[in-house]
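Content type mmCIF, C-alpha atoms, from the file protein-v7.cif:
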data_run
#
loop_
_atom_site.label_atom_id
_atom_site.label_comp_id
_atom_site.auth_asym_id
_atom_site.auth_seq_id
_atom_site.Cartn_x
_atom_site.Cartn_y
_atom_site.Cartn_z
CA MET D 923 -11.45 40.08 82.93
CA SER D 924 -14.46 40.11 80.59
CA ALA D 925 -14.49 42.38 77.55
CA GLY D 926 -17.18 44.55 79.09
CA GLU D 927 -14.82 45.49 81.92
CA ILE D 928 -11.91 46.46 79.68
CA ILE D 929 -10.97 50.06 79.06
CA ALA D 930 -9.28 50.27 75.67
CA VAL D 931 -7.22 53.15 74.30
CA LEU D 932 -7.09 53.81 70.58
CA ASP D 933 -3.98 54.56 68.59
CA ALA D 934 -4.39 55.92 65.05
CA GLY D 935 -3.76 52.64 63.18
CA PRO D 936 -6.87 50.58 64.03
CA LEU D 937 -8.95 53.77 64.03
CA ILE D 938 -7.99 54.56 60.44
CA HIS D 939 -7.94 50.98 59.18
CA LEU D 940 -11.32 50.00 60.63
CA ASP D 941 -12.84 53.22 59.28
CA GLN D 942 -11.41 52.44 55.85
CA LEU D 943 -13.26 49.10 56.06
CA GLY D 944 -16.45 50.80 57.31
CA SER D 945 -16.17 48.72 60.47
CA LEU D 946 -15.61 51.03 63.44
CA ASN D 947 -18.61 49.27 65.02
CA LEU D 948 -16.24 46.35 65.72
CA LEU D 949 -14.90 48.42 68.63
CA ALA D 950 -18.15 47.70 70.49
CA GLY D 951 -18.16 45.71 73.73
CA TYR D 952 -15.49 47.51 75.71
CA ARG D 953 -16.40 49.38 78.87
CA GLU D 954 -14.91 52.49 77.31
CA VAL D 955 -12.86 53.26 74.23
CA LEU D 956 -10.61 56.20 75.06
CA LEU D 957 -9.41 58.41 72.24
CA PRO D 958 -6.51 60.79 73.04
CA ASP D 959 -6.83 64.18 71.35
CA ILE D 960 -3.43 63.84 69.65
CA VAL D 961 -4.47 60.50 68.14
CA GLU D 962 -7.73 62.02 66.83
CA GLN D 963 -5.79 64.89 65.22
CA GLU D 964 -3.38 62.42 63.63
CA ALA D 965 -6.24 60.26 62.29
CA ARG D 966 -8.15 63.27 60.90
CA LYS D 967 -4.96 64.48 59.20
CA HIS D 968 -4.66 61.18 57.32
CA ARG D 969 -8.41 60.67 56.86
CA PRO D 970 -10.50 63.84 57.18
CA GLU D 971 -13.78 61.99 56.51
CA ILE D 972 -13.27 59.52 59.37
CA GLN D 973 -16.49 58.58 61.21
CA ILE D 974 -15.12 58.83 64.74
CA ASP D 975 -18.46 59.59 66.38
CA SER D 976 -19.78 56.18 65.31
CA ILE D 977 -17.44 54.38 67.73
CA PRO D 978 -19.46 52.66 70.49
CA GLY D 979 -18.41 53.71 73.99
CA LEU D 980 -16.12 56.47 72.72
CA VAL D 981 -14.66 58.84 75.31
CA ARG D 982 -12.42 61.65 74.11
CA VAL D 983 -9.55 62.43 76.47
CA THR D 984 -6.88 65.07 76.61
CA SER D 985 -3.34 63.71 76.69
CA GLN D 986 -1.54 64.87 79.80
CA PRO D 987 1.96 66.07 78.91
CA ALA D 988 3.08 65.43 82.50
CA ALA D 989 2.07 61.77 82.28
CA ALA D 990 3.89 61.39 78.98
CA GLU D 991 7.00 63.15 80.20
CA SER D 992 7.87 60.35 82.59
CA MET D 993 7.95 57.97 79.63
CA PHE D 994 9.95 60.09 77.20
CA GLU D 995 13.14 58.09 77.62
CA LEU D 996 11.44 54.74 77.16
CA ALA D 997 9.45 56.10 74.21
CA ALA D 998 12.63 57.35 72.60
CA GLU D 999 14.18 53.94 73.05
CA PHE D 1000 11.21 52.32 71.28
CA GLY D 1001 11.10 55.03 68.59
CA LEU D 1002 7.51 56.11 69.29
CA HIS D 1003 5.74 59.09 67.74
CA ALA D 1004 3.60 61.61 69.62
CA GLY D 1005 0.28 59.82 69.04
CA GLU D 1006 1.58 56.45 70.17
CA LEU D 1007 3.21 57.95 73.23
CA ALA D 1008 -0.01 59.81 74.06
CA ALA D 1009 -2.04 56.60 73.77
CA ILE D 1010 0.24 54.77 76.21
CA ALA D 1011 0.27 57.76 78.56
CA VAL D 1012 -3.56 57.76 78.54
CA LEU D 1013 -3.56 54.03 79.28
CA LYS D 1014 -1.54 54.67 82.42
CA GLU D 1015 -3.33 57.85 83.43
CA HIS D 1016 -6.85 56.43 83.04
CA HIS D 1017 -6.05 52.92 84.33
CA GLY D 1018 -6.79 51.40 80.95
CA ASN D 1019 -6.17 47.75 80.17
CA CYS D 1020 -5.68 47.42 76.45
CA LEU D 1021 -3.91 49.39 73.73
CA LEU D 1022 -5.42 49.14 70.26
CA SER D 1023 -2.51 49.72 67.89
CA ASP D 1024 -0.96 48.38 64.70
CA ASP D 1025 2.40 49.98 65.32
CA ALA D 1026 5.02 47.35 66.14
CA ALA D 1027 7.07 49.62 68.40
CA ALA D 1028 4.05 50.94 70.33
CA ARG D 1029 2.80 47.41 70.80
CA ALA D 1030 6.19 46.24 72.05
CA MET D 1031 6.43 49.11 74.54
CA ALA D 1032 2.86 48.68 75.84
CA GLU D 1033 3.44 44.95 76.32
CA ALA D 1034 6.76 45.62 78.02
CA ILE D 1035 5.00 47.70 80.66
CA GLY D 1036 2.24 45.15 81.16
CA PHE D 1037 -0.72 46.12 78.99
CA GLN D 1038 -2.78 43.96 76.65
CA VAL D 1039 -2.39 44.97 73.03
CA ARG D 1040 -4.60 44.23 70.01
CA GLY D 1041 -4.59 45.47 66.45
CA THR D 1042 -6.94 45.74 63.49
CA VAL D 1043 -6.76 42.03 62.63
CA GLY D 1044 -7.51 41.17 66.26
CA MET D 1045 -10.53 43.51 66.24
CA ILE D 1046 -11.96 41.89 63.11
CA LEU D 1047 -11.61 38.38 64.54
CA ARG D 1048 -12.94 39.55 67.91
CA GLY D 1049 -16.06 40.78 66.09
CA TRP D 1050 -16.56 37.29 64.69
CA GLN D 1051 -15.95 35.57 68.02
CA ARG D 1052 -18.42 37.94 69.72
CA LYS D 1053 -20.91 36.98 66.99
CA GLN D 1054 -21.10 40.58 65.86
CA ILE D 1055 -20.23 39.49 62.32
CA SER D 1056 -20.22 36.10 60.57
CA LYS D 1057 -17.10 34.11 59.83
CA ALA D 1058 -17.60 34.88 56.12
CA ALA D 1059 -17.82 38.61 56.87
CA ALA D 1060 -14.64 38.43 58.95
CA ARG D 1061 -12.86 36.67 56.10
CA ASP D 1062 -14.09 39.30 53.63
CA LEU D 1063 -12.83 42.11 55.88
CA LEU D 1064 -9.43 40.46 56.22
CA LYS D 1065 -9.21 40.03 52.45
CA ALA D 1066 -10.19 43.68 52.02
CA LEU D 1067 -7.40 44.93 54.29
CA PRO D 1068 -4.69 45.17 51.59
CA VAL D 1069 -7.19 46.58 49.07
CA LYS D 1070 -9.32 49.05 51.01
CA SER D 1071 -7.06 49.96 53.92
CA THR D 1072 -3.55 51.26 54.38
CA LEU D 1073 -2.61 48.28 56.58
CA HIS D 1074 -0.36 46.27 54.32
CA LEU D 1075 -0.05 42.53 54.79
CA ARG D 1076 2.04 40.18 52.68
CA PRO D 1077 -0.25 37.99 50.54
CA GLY D 1078 1.35 34.84 51.95
CA PHE D 1079 0.88 36.05 55.51
CA LEU D 1080 -2.78 36.92 54.91
CA ALA D 1081 -3.32 33.50 53.35
CA ASN D 1082 -1.84 31.93 56.49
CA ILE D 1083 -4.31 33.85 58.68
CA LEU D 1084 -7.26 32.87 56.47
CA GLU D 1085 -6.16 29.23 56.59
CA GLN D 1086 -6.15 29.28 60.40
CA ILE D 1087 -9.66 30.70 60.42
CA ASN D 1088 -10.83 28.01 58.00
CA ASP D 1089 -10.01 25.37 60.59
CA GLU D 1090 -12.23 27.06 63.19
CA ASN D 1091 -15.99 26.83 63.58
CA MET S 1262 29.93 50.11 54.96
CA LYS S 1263 28.24 53.47 54.22
CA THR S 1264 28.70 56.82 55.94
CA ILE S 1265 25.66 58.87 56.98
CA THR S 1266 26.02 62.46 58.13
CA LEU S 1267 23.21 63.72 60.36
CA GLU S 1268 22.31 66.89 62.19
CA CYS S 1269 21.41 65.92 65.74
CA PRO S 1270 19.19 68.19 67.89
CA ASP S 1271 20.98 69.39 71.04
CA ARG S 1272 18.67 67.49 73.39
CA LEU S 1273 19.23 64.19 71.63
CA HIS S 1274 22.97 64.80 71.46
CA GLU S 1275 23.05 65.47 75.21
CA GLN S 1276 21.36 62.11 75.80
CA LEU S 1277 23.84 60.34 73.55
CA ALA S 1278 26.71 62.09 75.35
CA LYS S 1279 25.36 60.89 78.70
CA LEU S 1280 25.44 57.29 77.47
CA VAL S 1281 29.00 57.75 76.28
CA ALA S 1282 30.03 59.36 79.59
CA ALA S 1283 28.45 56.47 81.47
CA GLY S 1284 30.60 54.07 79.48
CA TRP S 1285 27.87 52.42 77.41
CA PHE S 1286 29.36 53.52 74.09
CA LYS S 1287 32.74 54.65 72.77
CA SER S 1288 31.26 57.66 70.98
CA PRO S 1289 27.97 59.44 70.21
CA GLU S 1290 28.20 57.92 66.71
CA ASP S 1291 28.24 54.40 68.17
CA ALA S 1292 25.25 55.26 70.35
CA ALA S 1293 23.38 56.63 67.33
CA LEU S 1294 24.15 53.48 65.34
CA GLU S 1295 22.73 51.33 68.14
CA ALA S 1296 19.61 53.53 68.21
CA VAL S 1297 19.13 52.94 64.48
CA ARG S 1298 19.59 49.18 64.97
CA ARG S 1299 16.95 49.16 67.69
CA TYR S 1300 14.54 51.25 65.64
CA LEU S 1301 14.85 48.91 62.68
CA SER S 1302 14.38 45.81 64.81
CA LEU S 1303 11.22 47.30 66.32
CA HIS S 1304 9.78 48.19 62.94
CA SER S 1305 10.55 44.94 61.17
CA VAL S 1306 8.03 42.99 59.13
CA GLU S 1307 8.85 39.91 61.21
CA LEU S 1308 7.90 41.65 64.45
CA GLN S 1309 4.71 43.07 62.97
CA GLU S 1310 3.66 39.65 61.66
CA LYS S 1311 4.49 37.98 64.98
CA GLN S 1312 2.26 40.50 66.77
CA ILE S 1313 -0.61 40.05 64.31
CA MET S 1314 -0.35 36.28 64.65
CA ALA S 1315 -0.56 36.72 68.43
CA ASP S 1316 -3.81 38.63 67.81
CA VAL S 1317 -5.11 35.76 65.69
CA GLN S 1318 -4.28 33.18 68.35
CA TRP S 1319 -5.86 35.34 71.05
CA ALA S 1320 -9.04 35.75 69.00
CA LEU S 1321 -9.29 32.04 68.19
CA ASN S 1322 -8.44 30.69 71.63
CA GLU S 1323 -9.33 33.23 74.30
CA CYS S 1324 -11.77 35.75 72.89
CA ARG S 1325 -15.01 33.76 73.16
#

Output the file's structure as structure tokens, nothing else.
Amino acid sequence: MSAGEIIAVLDAGPLIHLDQLGSLNLLAGYREVLLPDIVEQEARKHRPEIQIDSIPGLVRVTSQPAAAESMFELAAEFGLHAGELAAIAVLKEHHGNCLLSDDAAARAMAEAIGFQVRGTVGMILRGWQRKQISKAAARDLLKALPVKSTLHLRPGFLANILEQINDEN
Amino acid sequence: MKTITLECPDRLHEQLAKLVAAGWFKSPEDAALEAVRRYLSLHSVELQEKQIMADVQWALNECR
């Protein structure tokens, strides 16, 4: 499936982290980027100035409590919060393909029920691979993550990622 | 070994009691302890880093 055919659903993590980097444009190239209302509320609570309307292909959707209800038990098992549960419910309800999340538990649950999952780091590198930004710009954004965003990465782990990118053209 | 006292909402307690009644756990306390173990394993740094590294590999190998 090409990127242009993929319907992605946003969780609060990548939304907040990419906004903190001024890089919400890296969400371009999906058929649609669905934003559940609960996730938007959560993101605005943490970051009132967030530039949500700048997201290419953005479609706001209302989370359906009925759709989420059928997943309550599984969500409880994975320890999900309301926003993460809403994002996965929207994925199912709207026949989405990919969850955009940085939450380990939400990612594990989405994968367990068969969805693709990507996070902020994946979105930055995707932007480089799609030639939306240069390799140097991607490296700068990754280096900025622990400084400008609330996504915390161990220095050694970030260095490992940067090393892997160095080996690529 | 430490002791934690917690107030459990009725709905959650009912779910724990069901697991006990079904024979999965000896007591609601054991079920709660297992829930904490699972939560911690799903929110570990190791899991988060494994998932991010999967993103990196995807971007470098498949996302062209």

To verify the selection step, state as a ChimeraX atom specification which residues the PyMOL selection byres ((chain D) within 10 of (chain S)) yields on this input.
/D:924-925,995,998-1002,1024-1031,1039-1053,1075-1076,1079-1080,1082-1084,1086-1087,1090-1091

Grab the residues selected above and save them as a compact mmCIF listing (two decimals), keeping the file's coordinate frame with C-alpha atoms.
# COMPACT_ATOMS: atom_id res chain seq x y z
CA SER D 924 -14.46 40.11 80.59
CA ALA D 925 -14.49 42.38 77.55
CA GLU D 995 13.14 58.09 77.62
CA ALA D 998 12.63 57.35 72.60
CA GLU D 999 14.18 53.94 73.05
CA PHE D 1000 11.21 52.32 71.28
CA GLY D 1001 11.10 55.03 68.59
CA LEU D 1002 7.51 56.11 69.29
CA ASP D 1024 -0.96 48.38 64.70
CA ASP D 1025 2.40 49.98 65.32
CA ALA D 1026 5.02 47.35 66.14
CA ALA D 1027 7.07 49.62 68.40
CA ALA D 1028 4.05 50.94 70.33
CA ARG D 1029 2.80 47.41 70.80
CA ALA D 1030 6.19 46.24 72.05
CA MET D 1031 6.43 49.11 74.54
CA VAL D 1039 -2.39 44.97 73.03
CA ARG D 1040 -4.60 44.23 70.01
CA GLY D 1041 -4.59 45.47 66.45
CA THR D 1042 -6.94 45.74 63.49
CA VAL D 1043 -6.76 42.03 62.63
CA GLY D 1044 -7.51 41.17 66.26
CA MET D 1045 -10.53 43.51 66.24
CA ILE D 1046 -11.96 41.89 63.11
CA LEU D 1047 -11.61 38.38 64.54
CA ARG D 1048 -12.94 39.55 67.91
CA GLY D 1049 -16.06 40.78 66.09
CA TRP D 1050 -16.56 37.29 64.69
CA GLN D 1051 -15.95 35.57 68.02
CA ARG D 1052 -18.42 37.94 69.72
CA LYS D 1053 -20.91 36.98 66.99
CA LEU D 1075 -0.05 42.53 54.79
CA ARG D 1076 2.04 40.18 52.68
CA PHE D 1079 0.88 36.05 55.51
CA LEU D 1080 -2.78 36.92 54.91
CA ASN D 1082 -1.84 31.93 56.49
CA ILE D 1083 -4.31 33.85 58.68
CA LEU D 1084 -7.26 32.87 56.47
CA GLN D 1086 -6.15 29.28 60.40
CA ILE D 1087 -9.66 30.70 60.42
CA GLU D 1090 -12.23 27.06 63.19
CA ASN D 1091 -15.99 26.83 63.58

Residues returned when the PyMOL selection byres ((chain D and resi 944) around 12) runs on this file, as number ranges by chain:
D: 936-943, 945-949, 971-974, 976-977, 1046, 1063, 1066-1067, 1070-1071

How far is it from CA of Gln1038 (chain D) to CA of Leu1021 (chain D), in Å with one decimal?
6.3 Å

Mind checking which residues fall within 10 Å of region 952-969 of chain D, counting all atoms listed in the file, ignoring those fewer than 6 positions away in the same chain, and posting them as a PyMOL selection string?
chain D and resi 924-939+941-942+977-986+1004-1013+1016+1018+1020-1022

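Taking CA of Glu1275 (chain S) and CA of Gly1036 (chain D) as endpoints, the distance between them is 29.7 Å.
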